[in-house]
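Everything below belongs to work_19.pdb, which stores PDB, C-alpha atoms.
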```pdb
ATOM      1  CA  MET A   1     105.528  77.464 118.608
ATOM      2  CA  VAL A   2     109.072  77.300 119.839
ATOM      3  CA  GLN A   3     109.643  78.447 123.411
ATOM      4  CA  TYR A   4     112.647  80.728 123.208
ATOM      5  CA  GLN A   5     114.003  82.116 126.443
ATOM      6  CA  ASP A   6     117.173  84.117 126.313
ATOM      7  CA  ALA A   7     117.682  86.789 128.968
ATOM      8  CA  THR A   8     120.175  88.686 126.801
ATOM      9  CA  LEU A   9     117.747  88.886 123.917
ATOM     10  CA  ASP A  10     114.975  89.990 126.281
ATOM     11  CA  ARG A  11     117.163  92.826 127.562
ATOM     12  CA  VAL A  12     118.034  93.917 124.014
ATOM     13  CA  PHE A  13     114.402  94.077 122.923
ATOM     14  CA  GLY A  14     113.461  95.781 126.201
ATOM     15  CA  ALA A  15     116.130  98.411 125.626
ATOM     16  CA  LEU A  16     115.016  98.969 122.031
ATOM     17  CA  ALA A  17     111.385  99.394 123.111
ATOM     18  CA  ASP A  18     111.934 102.977 124.279
ATOM     19  CA  PRO A  19     112.242 105.816 121.722
ATOM     20  CA  THR A  20     114.747 107.739 123.874
ATOM     21  CA  ARG A  21     117.090 104.757 123.962
ATOM     22  CA  ARG A  22     116.703 104.199 120.207
ATOM     23  CA  GLN A  23     117.656 107.852 119.617
ATOM     24  CA  VAL A  24     120.726 107.431 121.824
ATOM     25  CA  LEU A  25     121.801 104.416 119.773
ATOM     26  CA  GLU A  26     121.228 106.349 116.559
ATOM     27  CA  SER A  27     123.335 109.251 117.837
ATOM     28  CA  LEU A  28     126.132 106.901 118.828
ATOM     29  CA  GLY A  29     125.943 105.180 115.451
ATOM     30  CA  GLN A  30     126.432 108.504 113.665
ATOM     31  CA  GLY A  31     128.869 110.204 116.006
ATOM     32  CA  GLY A  32     131.008 107.370 117.356
ATOM     33  CA  SER A  33     131.985 107.973 120.971
ATOM     34  CA  LEU A  34     130.027 110.804 122.629
ATOM     35  CA  ALA A  35     130.023 112.322 126.113
ATOM     36  CA  VAL A  36     126.988 111.680 128.295
ATOM     37  CA  SER A  37     126.219 115.420 128.406
ATOM     38  CA  GLU A  38     126.188 115.529 124.573
ATOM     39  CA  LEU A  39     123.823 112.556 124.451
ATOM     40  CA  ALA A  40     121.497 113.930 127.142
ATOM     41  CA  GLY A  41     121.170 117.443 125.683
ATOM     42  CA  PRO A  42     118.531 116.839 122.976
ATOM     43  CA  HIS A  43     116.248 114.806 125.243
ATOM     44  CA  GLY A  44     115.233 117.538 127.690
ATOM     45  CA  MET A  45     115.251 115.399 130.821
ATOM     46  CA  SER A  46     117.169 115.411 134.061
ATOM     47  CA  LEU A  47     120.645 113.874 133.996
ATOM     48  CA  PRO A  48     119.709 111.196 136.605
ATOM     49  CA  GLY A  49     116.685 110.223 134.492
ATOM     50  CA  PHE A  50     118.827 110.032 131.375
ATOM     51  CA  MET A  51     121.437 107.944 133.220
ATOM     52  CA  LYS A  52     118.745 105.327 133.873
ATOM     53  CA  HIS A  53     118.262 104.996 130.115
ATOM     54  CA  LEU A  54     122.013 104.580 129.666
ATOM     55  CA  ARG A  55     122.059 101.915 132.372
ATOM     56  CA  VAL A  56     119.374  99.925 130.538
ATOM     57  CA  LEU A  57     121.382 100.160 127.304
ATOM     58  CA  GLU A  58     124.562  99.133 129.114
ATOM     59  CA  ASP A  59     122.853  96.165 130.818
ATOM     60  CA  ALA A  60     121.665  95.003 127.402
ATOM     61  CA  GLY A  61     125.245  95.271 126.117
ATOM     62  CA  LEU A  62     124.309  97.845 123.494
ATOM     63  CA  ILE A  63     126.684 100.544 124.754
ATOM     64  CA  ALA A  64     129.971 100.667 126.599
ATOM     65  CA  ARG A  65     130.817 103.515 128.984
ATOM     66  CA  ASN A  66     134.340 104.866 129.408
ATOM     67  CA  LYS A  67     135.467 107.383 131.993
ATOM     68  CA  GLU A  68     138.412 109.667 131.345
ATOM     69  CA  GLY A  69     138.903 112.086 134.192
ATOM     70  CA  ARG A  70     135.527 113.668 134.859
ATOM     71  CA  VAL A  71     134.087 112.946 131.395
ATOM     72  CA  VAL A  72     132.028 109.810 130.859
ATOM     73  CA  SER A  73     131.648 108.863 127.213
ATOM     74  CA  CYS A  74     129.632 106.130 125.544
ATOM     75  CA  GLU A  75     130.141 104.151 122.387
ATOM     76  CA  LEU A  76     127.946 101.740 120.482
ATOM     77  CA  SER A  77     128.388  97.992 120.838
ATOM     78  CA  ALA A  78     126.607  96.249 117.956
ATOM     79  CA  ALA A  79     127.104  92.573 118.887
ATOM     80  CA  PRO A  80     123.759  92.185 120.747
ATOM     81  CA  MET A  81     121.966  93.799 117.801
ATOM     82  CA  LYS A  82     123.339  91.079 115.542
ATOM     83  CA  ALA A  83     121.802  88.426 117.808
ATOM     84  CA  ALA A  84     118.434  90.238 117.727
ATOM     85  CA  ALA A  85     118.608  90.551 113.936
ATOM     86  CA  ALA A  86     119.391  86.840 113.608
ATOM     87  CA  TRP A  87     116.401  85.990 115.816
ATOM     88  CA  MET A  88     114.084  88.168 113.720
ATOM     89  CA  GLN A  89     115.452  86.700 110.498
ATOM     90  CA  CYS A  90     114.096  83.295 111.548
ATOM     91  CA  TYR A  91     110.601  84.741 111.241
ATOM     92  CA  GLU A  92     111.202  86.717 108.046
ATOM     93  CA  LYS A  93     110.127  83.877 105.724
ATOM     94  CA  PHE A  94     106.940  83.330 107.733
ATOM     95  CA  TRP A  95     105.892  86.985 107.548
ATOM     96  CA  THR A  96     106.972  87.352 103.937
ATOM     97  CA  ASP A  97     104.778  84.395 102.971
ATOM     98  CA  LYS A  98     101.831  85.816 104.936
ATOM     99  CA  LEU A  99     102.192  89.272 103.401
ATOM    100  CA  ASP A 100     102.496  87.794  99.892
ATOM    101  CA  ALA A 101      99.292  85.799 100.450
ATOM    102  CA  LEU A 102      97.542  88.960 101.662
ATOM    103  CA  ALA A 103      98.713  90.855  98.573
ATOM    104  CA  ARG A 104      97.373  88.098  96.286
ATOM    105  CA  TYR A 105      94.024  88.125  98.101
ATOM    106  CA  LEU A 106      93.699  91.910  97.845
ATOM    107  CA  TYR A 107      94.603  91.798  94.141
ATOM    108  CA  GLN A 108      91.913  89.161  93.529
ATOM    109  CA  GLN A 109      89.347  91.244  95.404
ATOM    110  CA  GLU A 110      90.220  94.280  93.318
ATOM    111  CA  GLU A 111      89.872  92.269  90.107
ATOM    112  CA  LEU A 112      86.465  90.949  91.204
ATOM    113  CA  GLN A 113      85.241  94.460  91.937
ATOM    114  CA  THR A 114      86.255  95.731  88.516
ATOM    115  CA  TRP A 115      84.445  92.822  86.799
ATOM    116  CA  ASN A 116      81.295  93.238  88.900
ATOM    117  CA  LYS A 117      80.884  96.978  88.352
ATOM    118  CA  PRO A 118      77.854  97.890  86.210
ATOM    119  CA  ALA A 119      78.743  99.349  82.854
ATOM    120  CA  SER A 120      78.164 103.062  82.791
ATOM    121  CA  PRO A 121      77.729 104.961  79.514
ATOM    122  CA  LYS A 122      80.823 106.891  78.599
ATOM    123  CA  SER A 123      78.872 109.761  77.054
ATOM    124  CA  PRO A 124      75.278 110.767  77.597
ATOM    125  CA  PRO A 125      72.973 109.962  74.684
ATOM    126  CA  SER A 126      72.330 112.907  72.424
ATOM    127  CA  SER A 127      68.819 114.243  72.140
ATOM    128  CA  SER A 128      68.847 113.925  68.343
ATOM    129  CA  ARG A 129      69.315 110.141  68.466
ATOM    130  CA  ALA A 130      66.510 109.714  70.944
ATOM    131  CA  SER A 131      63.932 111.555  68.808
ATOM    132  CA  THR A 132      64.445 109.640  65.543
ATOM    133  CA  PRO A 133      63.904 105.912  65.639
ATOM    134  CA  SER A 134      66.325 103.898  63.582
ATOM    135  CA  SER A 135      64.926 101.856  60.724
ATOM    136  CA  ARG A 136      64.966  98.079  60.949
ATOM    137  CA  LYS A 137      67.543  96.441  58.820
ATOM    138  CA  ARG A 138      66.198  93.889  56.450
ATOM    139  CA  SER A 139      67.980  90.666  55.994
ATOM    140  CA  GLY A 140      69.530  90.050  52.618
ATOM    141  CA  ALA A 141      69.113  87.084  50.369
ATOM    142  CA  ARG A 142      69.332  83.645  51.778
ATOM    143  CA  GLY A 143      72.901  82.437  52.196
ATOM    144  CA  PRO A 144      74.348  79.237  50.824
ATOM    145  CA  THR A 145      72.961  76.057  52.298
ATOM    146  CA  ARG A 146      75.095  73.314  53.589
ATOM    147  CA  ARG A 147      75.186  70.152  51.531
ATOM    148  CA  ARG A 148      75.076  66.839  53.228
TER     149      ARG A 148
END
```
Please, can you express the file's structure as structure tokens?
Amino acid sequence: MVQYQDATLDRVFGALADPTRRQVLESLGQGGSLAVSELAGPHGMSLPGFMKHLRVLEDAGLIARNKEGRVVSCELSAAPMKAAAAWMQCYEKFWTDKLDALARYLYQQEELQTWNKPASPKSPPSSSRASTPSSRKRSGARGPTRRR
């Protein structure tokens, strides 16, 4: 396996590992530039605790903070996400092949189970058929013989 060490990529995946930070990125993606107080509101945590999440996102390069007067606003920076997506795309073919092989295997197992099931009668035999035995059929006249 390839040893891949990239501190920037590690920070991006570390930042994306937390659901609070993913929600912040989603909010910024929908709303553009938002004030820190607007971002912190739905999360129900202290402002210093929320600022730590923003610092992780900023260190990863996923957001940029701007201060205008007393208002600090954040906006999304998508460039590091592109690098993470490119890294994951390298493994897409591998996982697609593995999942396709698993799907084929499961399909084969399902087909084997349907062939190996015992045949069950579709309707229960009627009592009238069981009480009267059927007569043996007699063979007819002898058929034509093959000439040699």
- request: State, in Å with one decimal place, the distance from CA of Asn66 in chain A to CA of Gly29 in chain A.
  value: 16.3 Å
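Taking CA of Ala79 in chain A and CA of Gly41 in chain A as the two end points, the separation is 26.5 Å.
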task: Enumerate, as number ranges by chain, the residues matched when the PyMOL selection byres ((chain A and resi 57) around 9) is run on the file above.
output: A: 11-12, 15-16, 21, 25, 52-56, 58-64
- prompt: So, counting only C-alpha atoms, which residue among A:Cys90, A:Thr145, A:Ser73, A:Pro80 is closest to Gly31 in chain A?
  reply: A:Ser73
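Interatomic distance, CA of Leu39 in chain A to CA of Lys67 in chain A: 14.8 Å.
Counting only C-alpha atoms, the residue from A:Ser37, A:Ser46, A:Thr8, A:Gln89 that sits nearest to Arg70 in chain A is A:Ser37.
Residue nearest Gly44 in chain A within the list A:Thr96, A:Asn116, A:Ser77, A:Thr20: A:Thr20 [criterion: smallest interatomic distance, all atoms listed in the file].
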Take range 73-86 of chain A, bring it up to N, CA and C atoms, and give me the output as a PDB file, in the coordinates of the input.
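Saved as rebuild_36.pdb:
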```pdb
ATOM      1  N   SER A  73     132.088 108.943 128.602  1.00  0.00           N
ATOM      2  CA  SER A  73     131.648 108.863 127.213  1.00  0.00           C
ATOM      3  C   SER A  73     131.084 107.479 126.942  1.00  0.00           C
ATOM      4  N   CYS A  74     130.275 107.395 125.914  1.00  0.00           N
ATOM      5  CA  CYS A  74     129.632 106.130 125.544  1.00  0.00           C
ATOM      6  C   CYS A  74     129.936 105.833 124.087  1.00  0.00           C
ATOM      7  N   GLU A  75     130.020 104.566 123.783  1.00  0.00           N
ATOM      8  CA  GLU A  75     130.141 104.151 122.387  1.00  0.00           C
ATOM      9  C   GLU A  75     129.264 102.936 122.145  1.00  0.00           C
ATOM     10  N   LEU A  76     128.873 102.783 120.895  1.00  0.00           N
ATOM     11  CA  LEU A  76     127.946 101.740 120.482  1.00  0.00           C
ATOM     12  C   LEU A  76     128.636 100.380 120.462  1.00  0.00           C
ATOM     13  N   SER A  77     127.925  99.371 120.920  1.00  0.00           N
ATOM     14  CA  SER A  77     128.388  97.992 120.838  1.00  0.00           C
ATOM     15  C   SER A  77     127.320  97.214 120.076  1.00  0.00           C
ATOM     16  N   ALA A  78     127.628  96.805 118.847  1.00  0.00           N
ATOM     17  CA  ALA A  78     126.607  96.249 117.956  1.00  0.00           C
ATOM     18  C   ALA A  78     126.404  94.744 118.076  1.00  0.00           C
ATOM     19  N   ALA A  79     127.214  94.041 118.824  1.00  0.00           N
ATOM     20  CA  ALA A  79     127.104  92.573 118.887  1.00  0.00           C
ATOM     21  C   ALA A  79     125.717  92.090 119.323  1.00  0.00           C
ATOM     22  N   PRO A  80     125.110  92.650 120.370  1.00  0.00           N
ATOM     23  CA  PRO A  80     123.759  92.185 120.747  1.00  0.00           C
ATOM     24  C   PRO A  80     122.709  92.458 119.675  1.00  0.00           C
ATOM     25  N   MET A  81     122.907  93.502 118.883  1.00  0.00           N
ATOM     26  CA  MET A  81     121.966  93.799 117.801  1.00  0.00           C
ATOM     27  C   MET A  81     122.024  92.710 116.745  1.00  0.00           C
ATOM     28  N   LYS A  82     123.208  92.161 116.518  1.00  0.00           N
ATOM     29  CA  LYS A  82     123.339  91.079 115.542  1.00  0.00           C
ATOM     30  C   LYS A  82     122.540  89.864 115.989  1.00  0.00           C
ATOM     31  N   ALA A  83     122.569  89.560 117.285  1.00  0.00           N
ATOM     32  CA  ALA A  83     121.802  88.426 117.808  1.00  0.00           C
ATOM     33  C   ALA A  83     120.303  88.669 117.645  1.00  0.00           C
ATOM     34  N   ALA A  84     119.858  89.906 117.890  1.00  0.00           N
ATOM     35  CA  ALA A  84     118.434  90.238 117.727  1.00  0.00           C
ATOM     36  C   ALA A  84     118.034  90.155 116.254  1.00  0.00           C
ATOM     37  N   ALA A  85     118.907  90.618 115.370  1.00  0.00           N
ATOM     38  CA  ALA A  85     118.608  90.551 113.936  1.00  0.00           C
ATOM     39  C   ALA A  85     118.542  89.102 113.469  1.00  0.00           C
ATOM     40  N   ALA A  86     119.418  88.260 113.982  1.00  0.00           N
ATOM     41  CA  ALA A  86     119.391  86.840 113.608  1.00  0.00           C
ATOM     42  C   ALA A  86     118.100  86.185 114.096  1.00  0.00           C
TER      43      ALA A  86
END
```
